[in-house]
Amino acid sequence: MKQNLKKELKQLYSDVPPIPDSRKMAVLMAQARSKAPALPRESSLLWFIRTQIRFVNRKFLLVQFLLICLYGFLTTAVLQDNDAFLLLVPFAPIAVLLGTGEFSRSFYCNMTELEFPSRFSLTQILLARLLITAVIDMLSLSSMLLFTAMKTYLTFGSLILYGLVPSLLAAAGALFLINRSRDGDSRYYVSAYCITLSAIGAISLTAWPAWYNGAATAVWLLVLAVSAMAFAAEVYKMLRDCSGWLESAKLQ
Amino acid sequence: MELTFDRLTKQFQNKIAVDRFSYTMTGGVYGLLGANGAGKTTLMRMLCTVLKPTGGEILYNGSTIERMGVAYRDILGYLPQNFGYYPDFSARDFMLYMASLKGIPGHAAKRRADELLHMVGLSDVAREKVGSFSGGMKQRLGIAQAVLNDPKILVLDEPTAGLDPKERIRFRNLISDLSQDKIVVLSTHIVSDVEYISDQIVMMKKGRLILSGSPAELTENAAGLVWTLTVPGSQVRLYEADFYICNLRHMGDMAELRIVSEEKPAPTAQSVPANLEDLFLYHFADELERSNTHPKGGAQQ
């Protein structure tokens with residue numbers, strides 16, 4: 001009986017698992033970690049642009065929508081038929097101002113340093129935002145043009161000119177300011193510039209009506225060409241500056 | 001896994017921020033210690049490809065990080081000293097946005113963001129706006145975004161700045177948890193932050209590497225530099241004028257001084273083992289003095 005008990009205990013002792021070996025455990029953990037599936041990665045710019053749509057500030061979209069609603073209300077319900085185009089010139093820079101705020105928020109929200117060392121570069125981030133805001137701004141401008149076209153004697157070509165020129169002037173000037181002051185203050189400069197442009201547009205309608213005569217079309221076309229070139233040059237400068245290193249942006 | 005700094009230099013107009021910095025890092029936590037303006041942030045920005053070196057290069061496993069481009073940024077996690085946030089983003093939005101920049105697609109991004117928010121203790125406030133977060137919560141969110149892509153190199157610039165003691169301890173533990181199979185480079189001017197979690201300490205002064213080694217090695221090498229001495233309270237000022245005093249304790253009429261000095265400050269002084277704080281004071285006392293109005297009082301701080 002005693003012998004049997006001894007035998008059973010001996011058996012039990014021999015079945016006890018070995019004391020954990022920390023070195024072997026570390027090797028096992030390392031092997032387990034290496035077996036863990038790697039995170040999937042996307043590198044297509046199209047995918048990236050698509051994903052950025054969901055990060056567009058909803059307030060920006062709401063304010064753009066309210067601006068169009070206000071424009072539509074004033075044009076169709078308040079203004080006289082022939083005066084409908086009066087709002088286009090001062091409203092276009094405001095729509096651009098909203099878009100610029102969304103586009104350049106990396107700078108004034110101090111996010112550049114965090115965004116820069118990522119798989120998608122700051123250039124690609126800005127490019128994606130530029131495309132998204134440009135599409136939204138163009139939709140706003142098109143809506144304004146449609147509202148205006150319903151109530152004015154002017155040709156659609158003239159309306160496009162009166163809508164595009166203030167928009168491009170606002171966009172080129174805003175980018176010029178952002179490119180030279182990439183910090184929190186840039187939005188104040190841009191706001192001041194766009195509001196001034198809008199005010200000049202509003203005043204010009206009554207103070208300088210000759211600006212809107214058929215004879216002035218050539219000047220409008222010239223300003224359109226110059227502002228389009230300035231806009232393209234500023235976009236190029238911004239993308240080039242942010243492509244390599246972040247030396248040009250003010251780092252805190 | 002090897003990260004090599006080879007005569008790395010950065011010059012801003014007339015100021016040399018980093019001066020021929022050469023060092024090699026393998027796995028583990030590296031604490032970059034130096035007074036304000038020592039060049040830590042500039043070094044980290046070059047490590048994260050944010051700034052271009054004026055001279056020298058950084059190599060990861062033998063390849064320059066500049067040439068590696070996206071492949072390098074894929075294995076990099078970075079928490080800058082002063083990072084911003086978009087005010088309309090919730091913590092989860094912020095994580096998903098950062099995941100999109102790192103190229104992590106939809107479902108994987110959501111899973112990883114939730115996992116990390118849970119890990120840093122922010123899952124309860126994941127849907128709240130980042131703007132309403134305390135400094136500590138923002139820092140935890142910052143570190144969560146830095147490890148989204150499971151980086152091999154994790155760079156944390158002054159991660160504990162502005163945190164209360166409880167948050168700092170929590171943060172240190174978090175970094176220790178995250179440091180496996182990684183090179184973690186952590187900069188700070190708070191000695192106790194690196195003392196407990198760093199495998200290696202790298203001391204920088206005026207852009208240069210002045211000292212490196214494990215905390216134990218560094219303090220062992222500083223043997224014979226630290227003294228304790230009990231003097232009458234009226235004599236404290238005399239010692240303050242001649243020596244760097246890293247601790248002062250009043251005991252009635254007497255005062256116990258902890259002095260950092262190469263020479264024995266008084267016949268009754270007793271040599272005691274040095275700690276990292278003593279070593280920091282020994283090397284940076286002159287810079288601390290410059291940044292404070294009181295000549296030696298600054299050293300005490």
# chains A, B, ... in the order shown; residues from 1 in each chain; ligands from 1
>>> closest_atom_pairs(of="chain B", to="chain A", cutoff="10 Å", atoms="only C-alpha atoms", output="CSV")
residue,atom,partner,partner_atom,distance
B:Arg45,CA,A:Glu113,CA,8.8
B:Met46,CA,A:Trp245,CA,9.4
B:Leu47,CA,A:Pro117,CA,10.0
B:Cys48,CA,A:Pro117,CA,6.2
B:Thr49,CA,A:Pro117,CA,6.5
B:Val50,CA,A:Leu246,CA,5.2
B:Leu51,CA,A:Trp245,CA,5.6
B:Lys52,CA,A:Trp245,CA,6.1
B:Pro53,CA,A:Trp245,CA,9.9
B:Glu66,CA,A:Gly244,CA,9.6
B:Gly69,CA,A:Arg119,CA,8.8
B:Val70,CA,A:Arg119,CA,5.6
B:Ala71,CA,A:Arg119,CA,8.1
B:Tyr72,CA,A:Arg119,CA,8.8
B:Arg73,CA,A:Ser118,CA,5.6
B:Asp74,CA,A:Arg119,CA,5.9
B:Ile75,CA,A:Arg119,CA,9.4
B:Leu76,CA,A:Pro117,CA,7.7
B:Gly77,CA,A:Pro117,CA,8.2
B:Tyr78,CA,A:Leu114,CA,7.2
B:Leu79,CA,A:Leu114,CA,7.1
B:Pro80,CA,A:Leu114,CA,6.7
B:Gln81,CA,A:Gln252,CA,8.5
B:Asn82,CA,A:Gln252,CA,6.7
B:Phe83,CA,A:Met111,CA,6.2
B:Gly84,CA,A:Asn110,CA,4.7
B:Tyr85,CA,A:Cys109,CA,6.1
B:Tyr86,CA,A:Cys109,CA,6.2
B:Pro87,CA,A:Cys109,CA,8.2
B:Asp88,CA,A:Asn57,CA,6.8
B:Phe89,CA,A:Phe55,CA,8.4
B:Asp93,CA,A:Phe55,CA,7.9
B:Phe94,CA,A:Phe55,CA,9.2
B:Leu96,CA,A:Phe55,CA,9.1
B:Tyr97,CA,A:Phe55,CA,7.0
B:Met98,CA,A:Glu115,CA,7.6
B:Ala99,CA,A:Ser118,CA,9.3
B:Ser100,CA,A:Thr51,CA,7.0
B:Leu101,CA,A:Phe120,CA,5.3
B:Lys102,CA,A:Arg119,CA,4.9
B:Gly103,CA,A:Glu42,CA,4.8
B:Ile104,CA,A:Arg41,CA,4.9
B:Pro105,CA,A:Glu42,CA,6.4
B:Gly106,CA,A:Thr51,CA,8.7
B:His107,CA,A:Pro40,CA,9.9
B:Ala108,CA,A:Leu39,CA,7.2
B:Ala109,CA,A:Leu39,CA,8.9
B:Arg112,CA,A:Leu39,CA,9.0
B:Gly142,CA,A:Leu114,CA,9.3
B:Gln145,CA,A:Leu114,CA,9.4
B:Ala146,CA,A:Leu114,CA,9.0
B:Leu148,CA,A:Leu39,CA,9.5
B:Asn149,CA,A:Leu39,CA,7.2
B:Asp150,CA,A:Leu39,CA,8.1
B:Gln180,CA,A:Ala30,CA,9.4
B:Asp181,CA,A:Ala30,CA,8.4
>>> residues_around(residues="region 230-234 of chain B", least_positions_apart="2", cutoff="10 Å", atoms="only C-alpha atoms", output="PDB file with N, CA and C atoms, in the first residue's frame")
ATOM      1  N   THR B 228      27.589  64.893   0.496  1.00  0.00           N
ATOM      2  CA  THR B 228      26.593  65.465   1.417  1.00  0.00           C
ATOM      3  C   THR B 228      27.342  66.105   2.581  1.00  0.00           C
ATOM      4  N   VAL B 236      24.897  78.402   4.537  1.00  0.00           N
ATOM      5  CA  VAL B 236      24.369  77.850   3.270  1.00  0.00           C
ATOM      6  C   VAL B 236      24.733  78.744   2.086  1.00  0.00           C
ATOM      7  N   ARG B 237      24.586  80.056   2.300  1.00  0.00           N
ATOM      8  CA  ARG B 237      24.854  81.000   1.196  1.00  0.00           C
ATOM      9  C   ARG B 237      26.302  80.913   0.708  1.00  0.00           C
ATOM     10  N   LEU B 238      27.201  80.691   1.651  1.00  0.00           N
ATOM     11  CA  LEU B 238      28.625  80.587   1.273  1.00  0.00           C
ATOM     12  C   LEU B 238      28.840  79.393   0.341  1.00  0.00           C
ATOM     13  N   TYR B 239      28.186  78.288   0.669  1.00  0.00           N
ATOM     14  CA  TYR B 239      28.325  77.087  -0.163  1.00  0.00           C
ATOM     15  C   TYR B 239      27.613  77.276  -1.508  1.00  0.00           C
ATOM     16  N   LEU B 248      18.803  70.791  -0.868  1.00  0.00           N
ATOM     17  CA  LEU B 248      19.021  71.532   0.367  1.00  0.00           C
ATOM     18  C   LEU B 248      17.881  71.193   1.315  1.00  0.00           C
ATOM     19  N   ARG B 249      18.264  70.694   2.525  1.00  0.00           N
ATOM     20  CA  ARG B 249      17.220  70.322   3.489  1.00  0.00           C
ATOM     21  C   ARG B 249      17.525  70.992   4.814  1.00  0.00           C
ATOM     22  N   HIS B 250      16.604  71.840   5.258  1.00  0.00           N
ATOM     23  CA  HIS B 250      16.806  72.507   6.542  1.00  0.00           C
ATOM     24  C   HIS B 250      16.365  71.590   7.683  1.00  0.00           C
ATOM     25  N   MET B 251      17.220  71.512   8.712  1.00  0.00           N
ATOM     26  CA  MET B 251      16.890  70.699   9.894  1.00  0.00           C
ATOM     27  C   MET B 251      17.125  71.579  11.119  1.00  0.00           C
ATOM     28  N   GLY B 252      16.171  72.392  11.466  1.00  0.00           N
ATOM     29  CA  GLY B 252      16.336  73.350  12.563  1.00  0.00           C
ATOM     30  C   GLY B 252      17.363  74.401  12.184  1.00  0.00           C
ATOM     31  N   ASP B 253      18.405  74.536  13.004  1.00  0.00           N
ATOM     32  CA  ASP B 253      19.455  75.522  12.734  1.00  0.00           C
ATOM     33  C   ASP B 253      20.445  75.016  11.688  1.00  0.00           C
ATOM     34  N   MET B 254      20.425  73.737  11.462  1.00  0.00           N
ATOM     35  CA  MET B 254      21.387  73.138  10.532  1.00  0.00           C
ATOM     36  C   MET B 254      20.729  72.907   9.164  1.00  0.00           C
ATOM     37  N   ALA B 255      21.589  72.680   8.169  1.00  0.00           N
ATOM     38  CA  ALA B 255      21.079  72.384   6.820  1.00  0.00           C
ATOM     39  C   ALA B 255      21.921  71.277   6.202  1.00  0.00           C
ATOM     40  N   GLU B 256      21.237  70.348   5.555  1.00  0.00           N
ATOM     41  CA  GLU B 256      21.966  69.279   4.872  1.00  0.00           C
ATOM     42  C   GLU B 256      22.035  69.617   3.388  1.00  0.00           C
ATOM     43  N   LEU B 257      23.245  69.656   2.865  1.00  0.00           N
ATOM     44  CA  LEU B 257      23.438  70.020   1.461  1.00  0.00           C
ATOM     45  C   LEU B 257      23.873  68.797   0.660  1.00  0.00           C
ATOM     46  N   ARG B 258      23.382  68.722  -0.560  1.00  0.00           N
ATOM     47  CA  ARG B 258      23.879  67.698  -1.496  1.00  0.00           C
ATOM     48  C   ARG B 258      24.607  68.482  -2.580  1.00  0.00           C
ATOM     49  N   ALA B 266      34.258  70.196   1.717  1.00  0.00           N
ATOM     50  CA  ALA B 266      34.651  70.506   3.102  1.00  0.00           C
ATOM     51  C   ALA B 266      35.214  69.230   3.722  1.00  0.00           C
ATOM     52  N   THR B 268      34.476  67.728   6.277  1.00  0.00           N
ATOM     53  CA  THR B 268      33.456  66.838   6.865  1.00  0.00           C
ATOM     54  C   THR B 268      32.496  66.261   5.819  1.00  0.00           C
ATOM     55  N   ALA B 269      32.657  66.672   4.580  1.00  0.00           N
ATOM     56  CA  ALA B 269      31.743  66.197   3.520  1.00  0.00           C
ATOM     57  C   ALA B 269      31.945  64.706   3.277  1.00  0.00           C
ATOM     58  N   GLN B 270      30.831  64.033   2.979  1.00  0.00           N
ATOM     59  CA  GLN B 270      30.910  62.588   2.720  1.00  0.00           C
ATOM     60  C   GLN B 270      30.493  62.290   1.292  1.00  0.00           C
TER      61      GLN B 270
END
>>> select_by_dssp(residues="region 3-241 of chain A", states="helix (DSSP H, G or I)", output="ChimeraX atom specification")
/A:3-15,22-35,45-53,58-78,81-103,105-108,112-115,122-151,156-180,186-207,209-212,214-241
>>> select_by_dssp(residues="region 20-237 of chain B", states="strand (DSSP E)", output="PyMOL selection string")
chain B and resi 20-25+28-33+55-60+63-64+76-79+153-157+183-188+200-205+208-213+226-232
>>> atom_distance(atom1="CA of Ala170 (chain A)", atom2="CA of Ala218 (chain A)")
19.8 Å
>>> decode(residues="region 259-292 of chain B", atoms="N, CA and C atoms", output="compact mmCIF listing (two decimals), in the first residue's frame")
# COMPACT_ATOMS: atom_id res chain seq x y z
N ILE B 259 25.89 68.31 -2.64
CA ILE B 259 26.74 69.15 -3.50
C ILE B 259 27.35 68.33 -4.63
N VAL B 260 27.34 68.92 -5.83
CA VAL B 260 28.02 68.28 -6.97
C VAL B 260 29.32 69.05 -7.18
N SER B 261 30.42 68.35 -6.98
CA SER B 261 31.72 69.02 -7.09
C SER B 261 32.82 67.99 -7.36
N GLU B 262 33.80 68.40 -8.15
CA GLU B 262 34.91 67.48 -8.42
C GLU B 262 35.83 67.38 -7.19
N GLU B 263 35.84 68.46 -6.41
CA GLU B 263 36.68 68.47 -5.21
C GLU B 263 35.80 68.31 -3.96
N LYS B 264 36.40 67.79 -2.93
CA LYS B 264 35.68 67.65 -1.66
C LYS B 264 35.36 69.04 -1.13
N PRO B 265 34.09 69.38 -0.96
CA PRO B 265 33.76 70.76 -0.61
C PRO B 265 34.15 71.17 0.81
N ALA B 266 34.26 70.20 1.72
CA ALA B 266 34.65 70.51 3.10
C ALA B 266 35.21 69.23 3.72
N PRO B 267 36.06 69.36 4.71
CA PRO B 267 36.67 68.15 5.30
C PRO B 267 35.62 67.18 5.84
N THR B 268 34.48 67.73 6.28
CA THR B 268 33.46 66.84 6.87
C THR B 268 32.50 66.26 5.82
N ALA B 269 32.66 66.67 4.58
CA ALA B 269 31.74 66.20 3.52
C ALA B 269 31.94 64.71 3.28
N GLN B 270 30.83 64.03 2.98
CA GLN B 270 30.91 62.59 2.72
C GLN B 270 30.49 62.29 1.29
N SER B 271 31.27 61.45 0.66
CA SER B 271 30.96 61.09 -0.73
C SER B 271 29.75 60.15 -0.75
N VAL B 272 28.82 60.40 -1.66
CA VAL B 272 27.64 59.53 -1.79
C VAL B 272 27.47 59.12 -3.26
N PRO B 273 26.78 58.00 -3.51
CA PRO B 273 26.59 57.61 -4.92
C PRO B 273 25.81 58.68 -5.70
N ALA B 274 26.22 58.88 -6.92
CA ALA B 274 25.56 59.89 -7.76
C ALA B 274 24.30 59.31 -8.39
N ASN B 275 23.35 60.16 -8.66
CA ASN B 275 22.20 59.72 -9.48
C ASN B 275 22.18 60.56 -10.76
N LEU B 276 21.24 60.26 -11.65
CA LEU B 276 21.23 60.95 -12.95
C LEU B 276 21.00 62.44 -12.81
N GLU B 277 20.22 62.81 -11.82
CA GLU B 277 19.92 64.23 -11.61
C GLU B 277 21.20 65.00 -11.27
N ASP B 278 22.05 64.36 -10.43
CA ASP B 278 23.33 64.99 -10.08
C ASP B 278 24.18 65.17 -11.34
N LEU B 279 24.18 64.12 -12.15
CA LEU B 279 24.98 64.14 -13.37
C LEU B 279 24.48 65.22 -14.33
N PHE B 280 23.17 65.34 -14.39
CA PHE B 280 22.54 66.35 -15.25
C PHE B 280 22.97 67.74 -14.78
N LEU B 281 22.94 67.94 -13.48
CA LEU B 281 23.32 69.24 -12.93
C LEU B 281 24.80 69.51 -13.20
N TYR B 282 25.62 68.48 -13.06
CA TYR B 282 27.06 68.61 -13.27
C TYR B 282 27.34 69.10 -14.70
N HIS B 283 26.62 68.53 -15.67
CA HIS B 283 26.89 68.88 -17.07
C HIS B 283 26.15 70.12 -17.55
N PHE B 284 24.98 70.37 -16.98
CA PHE B 284 24.16 71.45 -17.55
C PHE B 284 23.97 72.64 -16.61
N ALA B 285 24.70 72.66 -15.52
CA ALA B 285 24.51 73.75 -14.55
C ALA B 285 24.69 75.11 -15.20
N ASP B 286 25.72 75.24 -16.04
CA ASP B 286 25.98 76.54 -16.68
C ASP B 286 24.80 76.97 -17.55
N GLU B 287 24.20 76.01 -18.27
CA GLU B 287 23.07 76.35 -19.14
C GLU B 287 21.82 76.66 -18.31
N LEU B 288 21.66 75.92 -17.22
CA LEU B 288 20.51 76.18 -16.36
C LEU B 288 20.63 77.56 -15.73
N GLU B 289 21.85 77.93 -15.38
CA GLU B 289 22.10 79.26 -14.81
C GLU B 289 21.69 80.33 -15.79
N ARG B 290 22.10 80.12 -17.05
CA ARG B 290 21.82 81.12 -18.08
C ARG B 290 20.31 81.31 -18.28
N SER B 291 19.57 80.20 -18.14
CA SER B 291 18.13 80.30 -18.38
C SER B 291 17.36 80.76 -17.14
N ASN B 292 18.06 80.99 -16.03
CA ASN B 292 17.40 81.49 -14.82
C ASN B 292 18.04 82.82 -14.42
